[in-house]
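query.txt, holding compact mmCIF, C-alpha atoms and all ligand atoms:
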```txt
# COMPACT_ATOMS: atom_id res chain seq x y z
CA MET A 1 -21.21 -3.80 28.62
CA ASP A 2 -18.43 -1.35 27.62
CA CYS A 3 -18.96 0.15 24.21
CA PRO A 4 -15.86 1.04 22.13
CA SER A 5 -14.64 4.47 23.15
CA ILE A 6 -13.03 7.12 21.00
CA ILE A 7 -9.69 8.64 21.99
CA ASP A 8 -9.02 12.31 21.32
CA PRO A 9 -5.72 12.20 19.36
CA ALA A 10 -4.56 15.50 20.94
CA THR A 11 -5.28 14.90 24.63
CA LYS A 12 -5.42 11.07 24.63
CA GLU A 13 -8.62 11.38 26.67
CA ARG A 14 -11.42 8.87 26.19
CA LEU A 15 -14.35 10.61 24.57
CA PRO A 16 -17.47 8.52 24.95
CA ARG A 17 -19.88 10.98 23.31
CA ILE A 18 -18.03 13.97 21.88
CA PRO A 19 -17.27 14.38 18.16
CA VAL A 20 -13.62 14.03 17.22
CA PRO A 21 -12.32 17.14 15.46
CA ASN A 22 -10.25 16.46 12.39
CA LEU A 23 -8.28 18.67 10.03
CA LEU A 24 -9.45 17.97 6.53
CA ALA A 25 -7.45 18.50 3.37
CA ASP A 26 -8.96 20.57 0.55
CA ALA A 27 -10.48 17.72 -1.43
CA LEU A 28 -12.00 16.30 1.73
CA ASN A 29 -13.44 19.71 2.49
CA GLU A 30 -15.05 19.60 -0.94
CA THR A 31 -16.49 16.14 -0.22
CA ALA A 32 -17.73 17.45 3.12
CA ALA A 33 -19.25 20.53 1.45
CA HIS A 34 -20.96 18.35 -1.15
CA TYR A 35 -22.55 16.01 1.40
CA SER A 36 -23.34 18.81 3.85
CA LYS A 37 -25.52 20.25 1.08
CA GLN A 38 -26.89 16.88 -0.03
CA TRP A 39 -27.91 15.77 3.49
CA GLY A 40 -28.62 19.24 4.88
CA ASP A 41 -31.98 20.99 5.47
CA ASP A 42 -31.42 22.90 2.27
CA THR A 43 -32.44 20.00 0.04
CA GLY A 44 -34.85 18.24 2.42
CA TYR A 45 -33.80 14.91 0.88
CA THR A 46 -33.21 13.09 4.18
CA LYS A 47 -36.78 13.83 5.34
CA PHE A 48 -38.14 12.70 1.97
CA ILE A 49 -36.30 9.37 1.94
CA ARG A 50 -37.06 8.63 5.63
CA ASN A 51 -40.77 9.11 4.98
CA ALA A 52 -41.00 7.44 1.57
CA PRO A 53 -40.30 3.71 2.04
CA GLU A 54 -41.41 2.95 -1.52
CA ALA A 55 -38.87 5.40 -2.93
CA ALA A 56 -36.19 4.10 -0.53
CA LYS A 57 -36.24 0.73 -2.26
CA HIS A 58 -34.43 2.37 -5.18
CA THR A 59 -31.50 3.15 -2.86
CA MET A 60 -28.79 0.76 -1.61
CA ALA A 61 -30.70 0.30 1.67
CA ARG A 62 -32.72 -2.65 0.41
CA GLN A 63 -30.22 -4.05 -2.05
CA LEU A 64 -27.33 -6.51 -2.30
CA GLY A 65 -26.22 -8.18 0.95
CA TRP A 66 -27.11 -5.25 3.23
CA PRO A 67 -30.55 -6.22 4.57
CA ASP A 68 -29.37 -9.78 5.41
CA LEU A 69 -26.28 -8.47 7.15
CA PHE A 70 -28.33 -6.06 9.27
CA ASP A 71 -30.75 -8.84 10.24
CA ARG A 72 -27.80 -10.93 11.35
CA ILE A 73 -26.29 -8.12 13.39
CA ARG A 74 -29.65 -7.42 15.05
CA THR A 75 -30.22 -11.09 15.88
CA GLU A 76 -26.72 -11.49 17.31
CA ALA A 77 -27.17 -8.32 19.37
CA THR A 78 -30.14 -9.85 21.18
CA ILE A 79 -27.99 -12.70 22.51
CA ARG A 80 -24.49 -11.19 22.91
CA ASP A 81 -22.68 -7.85 22.97
CA VAL A 82 -22.11 -6.64 19.41
CA SER A 83 -20.23 -3.51 18.30
CA VAL A 84 -20.56 -1.89 14.88
CA TYR A 85 -18.47 0.81 13.21
CA ASP A 86 -20.47 2.42 10.39
CA ALA A 87 -17.79 4.26 8.38
CA ALA A 88 -19.19 7.14 6.28
CA CYS A 89 -22.59 6.67 7.86
CA GLY A 90 -24.35 9.34 5.79
CA PHE A 91 -27.54 10.63 7.38
CA GLY A 92 -28.11 7.55 9.51
CA LEU A 93 -30.01 5.08 7.32
CA ILE A 94 -27.96 2.11 8.53
CA HIS A 95 -28.29 3.32 12.12
CA ARG A 96 -32.05 3.45 11.67
CA ASP A 97 -32.17 -0.09 10.25
CA LEU A 98 -29.94 -1.51 13.00
CA PHE A 99 -31.87 0.14 15.85
CA ALA A 100 -35.35 -0.47 14.40
CA THR A 101 -37.95 -1.69 16.88
CA PRO A 102 -37.56 -4.10 18.66
CA THR A 103 -34.27 -2.41 19.49
CA PRO A 104 -31.47 -4.96 20.05
CA ASP A 105 -30.32 -3.99 23.53
CA ARG A 106 -26.77 -5.38 23.28
CA LEU A 107 -25.80 -3.33 20.24
CA CYS A 108 -23.11 -0.62 20.38
CA TYR A 109 -22.73 1.62 17.36
CA VAL A 110 -20.28 4.29 16.19
CA GLY A 111 -21.18 6.18 13.01
CA ALA A 112 -18.53 8.44 11.43
CA ASP A 113 -18.86 10.89 8.57
CA ILE A 114 -17.41 14.23 7.45
CA HIS A 115 -20.59 16.10 6.55
CA GLU A 116 -22.02 18.82 8.79
CA ALA A 117 -25.53 17.46 9.20
CA LEU A 118 -24.66 14.64 11.63
CA GLU A 119 -26.30 16.43 14.53
CA SER A 120 -29.67 16.33 12.83
CA ILE A 121 -29.72 12.52 13.01
CA GLU A 122 -32.24 11.36 15.57
CA ASN A 123 -30.37 9.26 18.12
CA PRO A 124 -32.21 8.35 21.31
CA PHE A 125 -30.02 5.28 21.87
CA PRO A 126 -27.41 5.58 24.66
CA LYS A 127 -25.09 2.95 23.12
CA SER A 128 -24.81 4.73 19.82
CA ARG A 129 -22.97 7.86 18.83
CA PHE A 130 -21.93 9.84 15.78
CA VAL A 131 -18.52 11.42 15.26
CA ARG A 132 -17.35 13.85 12.59
CA PHE A 133 -14.31 12.10 11.26
CA ASP A 134 -12.42 11.35 8.03
CA VAL A 135 -12.79 7.60 7.70
CA SER A 136 -9.61 7.43 5.59
CA ASP A 137 -7.84 7.58 8.93
CA ARG A 138 -7.82 4.86 11.56
CA LEU A 139 -10.61 5.52 14.03
CA PRO A 140 -8.84 6.64 17.22
CA THR A 141 -9.93 3.85 19.52
CA GLU A 142 -8.17 1.15 21.50
CA ASP A 143 -11.19 -1.11 21.05
CA LYS A 144 -12.02 -3.31 18.09
CA PHE A 145 -15.40 -3.89 16.48
CA ASP A 146 -17.34 -7.06 15.68
CA PHE A 147 -18.63 -5.51 12.45
CA VAL A 148 -17.27 -2.70 10.27
CA VAL A 149 -19.54 -1.52 7.47
CA CYS A 150 -18.91 1.06 4.78
CA ARG A 151 -21.80 1.29 2.33
CA ALA A 152 -21.52 3.22 -0.92
CA ALA A 153 -18.73 5.40 0.41
CA LEU A 154 -15.26 3.81 0.18
CA HIS A 155 -15.06 4.97 -3.47
CA HIS A 156 -15.55 8.59 -2.31
CA THR A 157 -12.39 8.58 -0.16
CA PRO A 158 -9.15 9.78 -1.77
CA ASP A 159 -7.35 6.43 -1.45
CA PRO A 160 -9.93 3.64 -0.98
CA GLU A 161 -7.38 0.90 -0.29
CA HIS A 162 -5.72 2.99 2.41
CA THR A 163 -9.16 3.63 3.90
CA LEU A 164 -10.07 -0.06 3.76
CA ARG A 165 -6.84 -1.03 5.49
CA ASN A 166 -7.66 1.39 8.30
CA LEU A 167 -11.21 0.03 8.55
CA ALA A 168 -9.83 -3.52 8.78
CA SER A 169 -7.39 -2.42 11.50
CA VAL A 170 -10.24 -1.69 13.94
CA LEU A 171 -12.01 -5.00 13.21
CA LYS A 172 -11.74 -7.85 15.74
CA LEU A 173 -10.10 -11.08 14.59
CA GLY A 174 -12.96 -13.16 13.20
CA GLY A 175 -15.03 -9.99 12.75
CA THR A 176 -16.98 -9.12 9.60
CA LEU A 177 -16.28 -6.22 7.27
CA ALA A 178 -18.77 -5.28 4.55
CA VAL A 179 -18.31 -2.65 1.85
CA SER A 180 -20.01 -1.72 -1.38
CA VAL A 181 -18.26 0.11 -4.20
CA TYR A 182 -19.23 1.49 -7.60
CA THR A 183 -19.02 -0.88 -10.57
CA LYS A 184 -17.22 -0.19 -13.83
CA LYS A 185 -19.71 0.26 -16.69
CA SER A 186 -19.43 0.19 -20.49
CA PRO A 187 -16.41 2.09 -21.91
CA MET A 188 -18.63 4.86 -23.34
CA ARG A 189 -20.49 5.33 -20.08
CA ASP A 190 -17.24 5.40 -18.05
CA ALA A 191 -15.71 7.88 -20.50
CA SER A 192 -18.70 10.23 -20.38
CA ASP A 193 -18.82 9.95 -16.58
CA ASP A 194 -15.14 10.89 -16.33
CA TYR A 195 -15.45 13.83 -18.71
CA LEU A 196 -18.62 15.24 -17.19
CA ARG A 197 -17.33 14.79 -13.66
CA SER A 198 -14.14 16.65 -14.58
CA LYS A 199 -16.35 19.63 -15.50
CA ILE A 200 -18.80 19.35 -12.61
CA THR A 201 -16.70 18.40 -9.56
CA PRO A 202 -14.82 21.75 -9.51
CA MET A 203 -18.14 23.64 -9.29
CA LYS A 204 -19.51 24.98 -6.02
CA PRO A 205 -22.21 22.68 -4.60
CA ASP A 206 -25.04 25.17 -5.29
CA ASP A 207 -23.99 25.65 -8.93
CA ALA A 208 -23.57 21.91 -9.53
CA PHE A 209 -26.92 21.25 -7.89
CA ARG A 210 -28.65 23.65 -10.27
CA LEU A 211 -26.84 22.16 -13.27
CA VAL A 212 -27.76 18.53 -12.62
CA ARG A 213 -31.43 19.33 -13.31
CA GLN A 214 -30.43 18.95 -16.99
CA PHE A 215 -29.57 15.27 -16.40
CA THR A 216 -32.86 14.78 -14.56
CA SER A 217 -34.87 16.42 -17.36
CA LEU A 218 -33.11 14.34 -20.01
CA GLY A 219 -33.76 11.13 -18.04
CA ARG A 220 -37.44 12.06 -17.63
CA ASP A 221 -37.89 12.86 -21.32
CA LEU A 222 -36.08 9.71 -22.45
CA GLN A 223 -38.31 7.64 -20.16
CA GLU A 224 -41.36 9.21 -21.76
CA SER A 225 -40.05 8.46 -25.26
CA SER A 226 -41.64 5.40 -26.73
CA GLY A 227 -39.90 2.90 -28.97
CA GLN A 228 -37.22 0.30 -28.57
CA ILE A 229 -33.63 -0.13 -29.60
CA VAL A 230 -32.84 -3.57 -31.01
CA ILE A 231 -29.26 -4.80 -30.89
CA LYS A 232 -28.83 -7.90 -32.98
CA GLU A 233 -25.59 -9.32 -31.63
CA ASP A 234 -23.39 -9.02 -28.55
CA LEU A 235 -20.86 -6.17 -28.80
CA PRO A 236 -18.42 -7.15 -26.07
CA PHE A 237 -15.88 -4.36 -26.58
CA LEU A 238 -18.67 -1.82 -26.26
CA GLY A 239 -20.18 -3.63 -23.27
CA ILE A 240 -23.54 -4.01 -25.04
CA LYS A 241 -25.45 -7.28 -25.12
CA ALA A 242 -27.85 -8.29 -27.90
CA GLY A 243 -31.45 -7.56 -26.98
CA ARG A 244 -34.38 -5.15 -27.04
CA TYR A 245 -34.01 -2.07 -24.91
CA PRO A 246 -36.37 0.76 -24.01
CA ILE A 247 -34.66 4.03 -24.94
CA GLN A 248 -33.82 5.41 -21.50
CA PRO A 249 -32.15 2.30 -19.99
CA PHE A 250 -30.17 1.79 -23.20
CA ILE A 251 -28.74 5.30 -23.02
CA TYR A 252 -28.39 5.23 -19.23
CA ASP A 253 -26.57 1.90 -18.99
CA HIS A 254 -24.24 2.38 -21.95
CA PHE A 255 -23.71 6.10 -22.55
CA LEU A 256 -24.81 8.60 -19.94
CA LYS A 257 -26.13 8.62 -16.40
CA CYS A 258 -29.33 10.68 -16.41
CA TRP A 259 -31.38 9.40 -13.50
CA PHE A 260 -35.08 9.98 -13.20
CA ASN A 261 -37.64 8.13 -11.16
CA SER A 262 -41.27 9.19 -10.98
CA GLU A 263 -41.50 8.28 -7.25
CA PHE A 264 -38.65 10.76 -6.66
CA GLY A 265 -39.90 13.37 -9.14
CA GLU A 266 -37.52 16.03 -10.50
CA GLN A 267 -36.65 17.44 -7.08
CA TRP A 268 -35.28 14.25 -5.55
CA SER A 269 -33.99 12.78 -8.81
CA ASP A 270 -31.69 15.82 -8.86
CA ILE A 271 -30.09 14.52 -5.65
CA VAL A 272 -29.20 11.21 -7.28
CA ASN A 273 -27.58 12.98 -10.25
CA PHE A 274 -25.82 15.43 -7.91
CA ASP A 275 -24.53 12.48 -5.86
CA TRP A 276 -23.11 10.93 -9.00
CA TYR A 277 -21.49 13.87 -10.75
CA HIS A 278 -20.26 16.24 -8.06
CA PRO A 279 -18.27 14.47 -5.25
CA PRO A 280 -14.52 14.90 -5.94
CA PHE A 281 -13.69 11.19 -5.70
CA ALA A 282 -15.75 8.40 -7.28
CA TYR A 283 -13.61 5.34 -8.04
CA ARG A 284 -15.15 2.41 -9.92
CA TYR A 285 -14.16 -1.26 -9.80
CA THR A 286 -14.64 -4.58 -11.52
CA LEU A 287 -15.66 -7.30 -9.07
CA GLN A 288 -12.17 -8.84 -9.37
CA GLU A 289 -10.53 -5.50 -8.53
CA ALA A 290 -12.77 -5.02 -5.52
CA ILE A 291 -12.06 -8.56 -4.27
CA ALA A 292 -8.31 -8.13 -4.77
CA MET A 293 -8.36 -4.85 -2.80
CA ASN A 294 -10.07 -6.59 0.13
CA GLU A 295 -7.61 -9.48 -0.01
CA ARG A 296 -4.62 -7.10 -0.03
CA CYS A 297 -6.02 -5.67 3.20
CA GLY A 298 -5.72 -9.12 4.80
CA LEU A 299 -9.41 -10.03 4.57
CA ASN A 300 -10.91 -13.38 3.56
CA ILE A 301 -13.84 -12.98 1.19
CA LEU A 302 -17.04 -14.55 2.47
CA LYS A 303 -19.66 -13.33 0.03
CA THR A 304 -19.98 -11.08 -3.01
CA GLU A 305 -23.02 -9.77 -4.81
CA SER A 306 -23.25 -7.22 -7.61
CA ASN A 307 -25.91 -5.19 -9.34
CA LYS A 308 -25.45 -2.67 -12.15
CA ALA A 309 -24.44 0.07 -9.74
CA GLN A 310 -22.36 -1.51 -6.97
CA HIS A 311 -20.46 -4.58 -5.79
CA TYR A 312 -21.08 -5.81 -2.24
CA ILE A 313 -18.12 -7.58 -0.61
CA GLU A 314 -18.41 -9.22 2.79
CA SER A 315 -15.18 -10.46 4.38
CA ILE A 316 -13.84 -11.93 7.57
CA LYS A 317 -10.63 -10.94 9.33
CA PRO A 318 -8.84 -14.26 9.76
CA THR A 319 -8.05 -15.33 13.32
C1 LIG B 1 -23.52 7.87 -0.79
S1 LIG B 1 -23.29 8.32 0.86
C2 LIG B 1 -23.54 6.78 1.72
C3 LIG B 1 -23.98 7.01 3.16
C4 LIG B 1 -24.24 5.76 3.98
N1 LIG B 1 -23.07 4.89 4.05
C5 LIG B 1 -25.44 5.00 3.48
O1 LIG B 1 -25.26 3.98 2.83
O2 LIG B 1 -26.57 5.46 3.71
C6 LIG B 1 -21.54 8.56 0.98
C7 LIG B 1 -21.12 9.12 2.34
O3 LIG B 1 -19.71 9.04 2.46
C8 LIG B 1 -19.29 10.14 3.23
N2 LIG B 1 -17.85 10.32 3.05
C9 LIG B 1 -17.19 10.50 1.88
N3 LIG B 1 -15.86 10.61 2.12
C10 LIG B 1 -15.70 10.50 3.46
C11 LIG B 1 -14.57 10.52 4.32
N4 LIG B 1 -13.33 10.68 3.85
N5 LIG B 1 -14.77 10.39 5.66
C12 LIG B 1 -16.03 10.23 6.17
N6 LIG B 1 -17.13 10.19 5.40
C13 LIG B 1 -16.97 10.32 4.06
C14 LIG B 1 -20.13 11.28 2.68
O4 LIG B 1 -20.14 12.40 3.53
C15 LIG B 1 -21.49 10.59 2.54
O5 LIG B 1 -22.28 10.77 3.67
```
Mind turning this structure into C-alpha cells?
Ligand SMILES: C[S@@+](CC[C@H](N)C(=O)[O-])C[C@H]1O[C@@H](n2cnc3c(N)ncnc32)[C@H](O)[C@@H]1O
Amino acid sequence: MDCPSIIDPATKERLPRIPVPNLLADALNETAAHYSKQWGDDTGYTKFIRNAPEAAKHTMARQLGWPDLFDRIRTEATIRDVSVYDAACGFGLIHRDLFATPTPDRLCYVGADIHEALESIENPFPKSRFVRFDVSDRLPTEDKFDFVVCRAALHHTPDPEHTLRNLASVLKLGGTLAVSVYTKKSPMRDASDDYLRSKITPMKPDDAFRLVRQFTSLGRDLQESSGQIVIKEDLPFLGIKAGRYPIQPFIYDHFLKCWFNSEFGEQWSDIVNFDWYHPPFAYRYTLQEAIAMNERCGLNILKTESNKAQHYIESIKPT
C-alpha cells in the first residue's frame, strides 16, 4: 500500500517522512508560539491529559461525532486501505485514538500542525507521520485522502473558509471531511470574549499564561458559591432561557468564560483559559453559518451535532 506522500514545494521531491518547512506570517507565528507553549514540556499538559482519561472526557476527544467517526475509520482500515489527513493535529490525541490497539494495519495517517512540540509525539507506526505545516495552505501532495479531519482548529486559522477549501481539495471524491468549530454564545458572553481577547492576544505567551490564573480562580470561587439564580421567563435577545441556574454556569454561559474543573485543578484549568483567550484567531459560528461555509466549499453535509462549545460538521465530497 502506498501512503500519500508529501512534496517539498521548493525541490518538488517526494518527502515520505521529513517535515515540510513553511514560512509563517506574523500572526501565524503568534499562533505557533501560543501552542508551542501550550503543548510544550513547559506546561506538562500533554502528559497530564494522556494519563488522565477521566479528565480527558471534558475535552473534545469524547464529544460530538468524533468517537463514532474514529471507530468507523478504524473498522474500515481493517478491511481496506484508508488514508487520513489530520489538519492541525495538536499533540496527537486523534493519532492516538486512531492507532489504539488493536492497530488497524491498513491505516495511513498524516498529521500537520504549526507548533514546535510535534517531535515529542510518540509515533511508532511506520504508516503515520507528522509535518510542521500551516494548514491554511493546500497540503503539498499529489495524493488525495479518504478522510480529512480538523478538530477544534479551523477557527484558529486566519481565514477558515480558505483553509476549509484547501482541506477539501486534498479529499478524494466520495471522501469524508469532518470539522468542529466554536459556537456563537449569548451577546454578552461574545462581547466580553472579544474585549478580553483584544487585551490578552497581544501579550507574550508567558505573560498571558500567568494572567489567565485570574479566570481560573474566579471560576473556582464561583463554583464554590452556593445559591441559585432564577430566571422567570425566556430572554431571547439576551440568549438566556427561563430556569434555575447554579451561579457559575449562569455566569460562564452568558457573561464570561472562567473555566475551572476540579479534576484539572488550577494548574490544568489555566490551560483551558489560556487556550480560549490567547490564540490570535478564534472565530465563532452559528450552526447555519458553519453549514453554509462547508457547502460553499463544495461539500455535501452528512451529519451535524452541536454542544455549547462547538459544532461538529461531517460532509462528503460529491462524486
Ligand atoms: C485546540 S487545538 C486542537 C488540536 C487537535 N486538532 C485536537 O483536537 O486534539 C488547535 C490546534 O490548531 C493548531 N493550529 C492553529 N492554527 C494552525 C495553522 N494555521 N496550521 C496548523 N495548525 C494550526 C494549533 O497549533 C493547535 O495545535
Could you list as a short mmCIF file (atom, residue, chain, number, x, y, z; two decimals) with C-alpha atoms, in the coordinates of the input every residue that has an atom within 12 Å of (-28.8, 10.5, 18.2), using the file's coordinates and counting all atoms listed in the file?
```cif
data_model
loop_
_atom_site.label_atom_id
_atom_site.label_comp_id
_atom_site.auth_asym_id
_atom_site.auth_seq_id
_atom_site.Cartn_x
_atom_site.Cartn_y
_atom_site.Cartn_z
CA ARG A 17 -19.88 10.98 23.31
CA ILE A 18 -18.03 13.97 21.88
CA PHE A 91 -27.54 10.63 7.38
CA GLY A 92 -28.11 7.55 9.51
CA HIS A 95 -28.29 3.32 12.12
CA ARG A 96 -32.05 3.45 11.67
CA PHE A 99 -31.87 0.14 15.85
CA TYR A 109 -22.73 1.62 17.36
CA VAL A 110 -20.28 4.29 16.19
CA GLY A 111 -21.18 6.18 13.01
CA ALA A 117 -25.53 17.46 9.20
CA LEU A 118 -24.66 14.64 11.63
CA GLU A 119 -26.30 16.43 14.53
CA SER A 120 -29.67 16.33 12.83
CA ILE A 121 -29.72 12.52 13.01
CA GLU A 122 -32.24 11.36 15.57
CA ASN A 123 -30.37 9.26 18.12
CA PRO A 124 -32.21 8.35 21.31
CA PHE A 125 -30.02 5.28 21.87
CA PRO A 126 -27.41 5.58 24.66
CA LYS A 127 -25.09 2.95 23.12
CA SER A 128 -24.81 4.73 19.82
CA ARG A 129 -22.97 7.86 18.83
CA PHE A 130 -21.93 9.84 15.78
CA VAL A 131 -18.52 11.42 15.26
#
```
Inset, instruction - Have a look at A:Lys184, A:Lys57, A:His278, A:Lys232 and name the one nearest to A:Phe264; count only C-alpha atoms. - result: A:Lys57
Legend entry - Residue among A:Ile6, A:Leu196, A:Val272, A:Ile247 lying closest to ligand LIG 1 (chain B), counting all atoms listed in the file: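 Closest to ligand LIG 1 (chain B), using all atoms listed in the file: A:Val272.
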Legend entry - Nearest residue to A:Arg284 from the set A:Asp234, A:Glu30, A:Asp253, A:Asp193 (distances using all atoms listed in the file):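 Closest residue, counting all atoms listed in the file: A:Asp193.
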Return the padded bounding box of stretch 238-250 of chain A as lines of an AutoDock Vina configuration file: axis-aligned, built from all atoms listed in the file, 5 Å added on each side, with centre and edge lengths in Å to one decimal.
```
center_x = -27.5
center_y = -1.4
center_z = -23.9
size_x = 27.7
size_y = 23.7
size_z = 17.9
```
Legend entry - Proximity to A:Ala178 - best of A:Ala191, A:Ala208, A:Leu164, A:Ile49, all atoms listed in the file: A:Leu164
Inset, instruction - For atom CA of A:Leu256 and atom N4 of ligand LIG 1 (chain B), determine how far apart the two atoms are, in Å to one decimal place. - result: 26.5 Å
Inset, instruction - Compute the set of protein, DNA and RNA residues whose minimum atom distance to ligand LIG 1 (chain B) is at most 9 Å, using only C-alpha atoms and all ligand atoms, and state it as a VMD selection string. - result: chain A and resid 24 28 31 to 36 38 to 39 59 to 61 86 to 95 112 to 116 132 to 137 149 to 158 163 180 275 to 276 279 281
Inset, instruction - Provide the atom CA of A:Val170 to atom CA of A:Ala27 distance in Å, to one decimal place. - result: 24.8 Å
Legend entry - Among the residues A:Ala77, A:Val181, A:Ala168, A:Ile291, the one that comes closest to A:Phe145 [using all atoms listed in the file]: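 Answer, going by the shortest atom-to-atom distance: A:Ala168.
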Inset, instruction - Grab the atom CA of A:Pro246 to atom CA of A:Ser306 distance for me, in Å with one decimal place. - result: 22.5 Å
Legend entry - Nearest candidate to A:Thr46 (options A:Ile251, A:Glu224, A:Glu295, A:Ile271; using all atoms listed in the file):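 Of all the options, A:Ile271 lies closest to A:Thr46.
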Inset, instruction - Take the point (-32.9, 14.5, -14.6) as written in the file and pick out every residue within 10 Å of it, counting only C-alpha atoms; give the list as a PyMOL selection string. - result: chain A and resi 211-222+257-261+265-274
Can you complete the atoms of stretch 152-173 of chain A to N, CA and C atoms and list them as a PDB file, in the frame of the given file?
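After the write, result-v5.pdb holds the following:
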```pdb
ATOM      1  N   ALA A 152     -21.450   2.205   0.138  1.00  0.00           N
ATOM      2  CA  ALA A 152     -21.520   3.220  -0.920  1.00  0.00           C
ATOM      3  C   ALA A 152     -20.664   4.444  -0.626  1.00  0.00           C
ATOM      4  N   ALA A 153     -19.524   4.237   0.004  1.00  0.00           N
ATOM      5  CA  ALA A 153     -18.730   5.400   0.410  1.00  0.00           C
ATOM      6  C   ALA A 153     -17.220   5.247   0.235  1.00  0.00           C
ATOM      7  N   LEU A 154     -16.715   4.002   0.294  1.00  0.00           N
ATOM      8  CA  LEU A 154     -15.260   3.810   0.180  1.00  0.00           C
ATOM      9  C   LEU A 154     -14.722   4.503  -1.071  1.00  0.00           C
ATOM     10  N   HIS A 155     -15.494   4.391  -2.179  1.00  0.00           N
ATOM     11  CA  HIS A 155     -15.060   4.970  -3.470  1.00  0.00           C
ATOM     12  C   HIS A 155     -15.031   6.507  -3.434  1.00  0.00           C
ATOM     13  N   HIS A 156     -15.596   7.122  -2.406  1.00  0.00           N
ATOM     14  CA  HIS A 156     -15.550   8.590  -2.310  1.00  0.00           C
ATOM     15  C   HIS A 156     -14.353   9.071  -1.500  1.00  0.00           C
ATOM     16  N   THR A 157     -13.563   8.137  -0.934  1.00  0.00           N
ATOM     17  CA  THR A 157     -12.390   8.580  -0.160  1.00  0.00           C
ATOM     18  C   THR A 157     -11.198   8.668  -1.123  1.00  0.00           C
ATOM     19  N   PRO A 158     -10.222   9.526  -0.799  1.00  0.00           N
ATOM     20  CA  PRO A 158      -9.150   9.780  -1.770  1.00  0.00           C
ATOM     21  C   PRO A 158      -8.347   8.534  -2.133  1.00  0.00           C
ATOM     22  N   ASP A 159      -8.124   7.636  -1.190  1.00  0.00           N
ATOM     23  CA  ASP A 159      -7.350   6.430  -1.450  1.00  0.00           C
ATOM     24  C   ASP A 159      -8.101   5.252  -0.817  1.00  0.00           C
ATOM     25  N   PRO A 160      -9.049   4.649  -1.580  1.00  0.00           N
ATOM     26  CA  PRO A 160      -9.930   3.640  -0.980  1.00  0.00           C
ATOM     27  C   PRO A 160      -9.190   2.475  -0.313  1.00  0.00           C
ATOM     28  N   GLU A 161      -8.064   2.056  -0.906  1.00  0.00           N
ATOM     29  CA  GLU A 161      -7.380   0.900  -0.290  1.00  0.00           C
ATOM     30  C   GLU A 161      -6.782   1.279   1.063  1.00  0.00           C
ATOM     31  N   HIS A 162      -6.250   2.488   1.128  1.00  0.00           N
ATOM     32  CA  HIS A 162      -5.720   2.990   2.410  1.00  0.00           C
ATOM     33  C   HIS A 162      -6.851   3.053   3.443  1.00  0.00           C
ATOM     34  N   THR A 163      -7.995   3.543   2.995  1.00  0.00           N
ATOM     35  CA  THR A 163      -9.160   3.630   3.900  1.00  0.00           C
ATOM     36  C   THR A 163      -9.558   2.236   4.375  1.00  0.00           C
ATOM     37  N   LEU A 164      -9.637   1.294   3.420  1.00  0.00           N
ATOM     38  CA  LEU A 164     -10.070  -0.060   3.760  1.00  0.00           C
ATOM     39  C   LEU A 164      -9.120  -0.698   4.773  1.00  0.00           C
ATOM     40  N   ARG A 165      -7.817  -0.452   4.562  1.00  0.00           N
ATOM     41  CA  ARG A 165      -6.840  -1.030   5.490  1.00  0.00           C
ATOM     42  C   ARG A 165      -7.081  -0.496   6.899  1.00  0.00           C
ATOM     43  N   ASN A 166      -7.395   0.803   6.977  1.00  0.00           N
ATOM     44  CA  ASN A 166      -7.660   1.390   8.300  1.00  0.00           C
ATOM     45  C   ASN A 166      -8.974   0.874   8.890  1.00  0.00           C
ATOM     46  N   LEU A 167      -9.953   0.606   8.031  1.00  0.00           N
ATOM     47  CA  LEU A 167     -11.210   0.030   8.550  1.00  0.00           C
ATOM     48  C   LEU A 167     -10.924  -1.370   9.111  1.00  0.00           C
ATOM     49  N   ALA A 168     -10.131  -2.148   8.344  1.00  0.00           N
ATOM     50  CA  ALA A 168      -9.830  -3.520   8.780  1.00  0.00           C
ATOM     51  C   ALA A 168      -9.032  -3.514  10.085  1.00  0.00           C
ATOM     52  N   SER A 169      -8.255  -2.441  10.303  1.00  0.00           N
ATOM     53  CA  SER A 169      -7.390  -2.420  11.500  1.00  0.00           C
ATOM     54  C   SER A 169      -8.192  -2.248  12.788  1.00  0.00           C
ATOM     55  N   VAL A 170      -9.444  -1.807  12.702  1.00  0.00           N
ATOM     56  CA  VAL A 170     -10.240  -1.690  13.940  1.00  0.00           C
ATOM     57  C   VAL A 170     -11.289  -2.815  14.029  1.00  0.00           C
ATOM     58  N   LEU A 171     -11.100  -3.843  13.195  1.00  0.00           N
ATOM     59  CA  LEU A 171     -12.010  -5.000  13.210  1.00  0.00           C
ATOM     60  C   LEU A 171     -11.398  -6.086  14.098  1.00  0.00           C
ATOM     61  N   LYS A 172     -12.243  -6.739  14.914  1.00  0.00           N
ATOM     62  CA  LYS A 172     -11.740  -7.850  15.740  1.00  0.00           C
ATOM     63  C   LYS A 172     -11.313  -9.007  14.842  1.00  0.00           C
ATOM     64  N   LEU A 173     -10.414  -9.838  15.316  1.00  0.00           N
ATOM     65  CA  LEU A 173     -10.100 -11.080  14.590  1.00  0.00           C
ATOM     66  C   LEU A 173     -11.385 -11.906  14.531  1.00  0.00           C
TER      67      LEU A 173
END
```
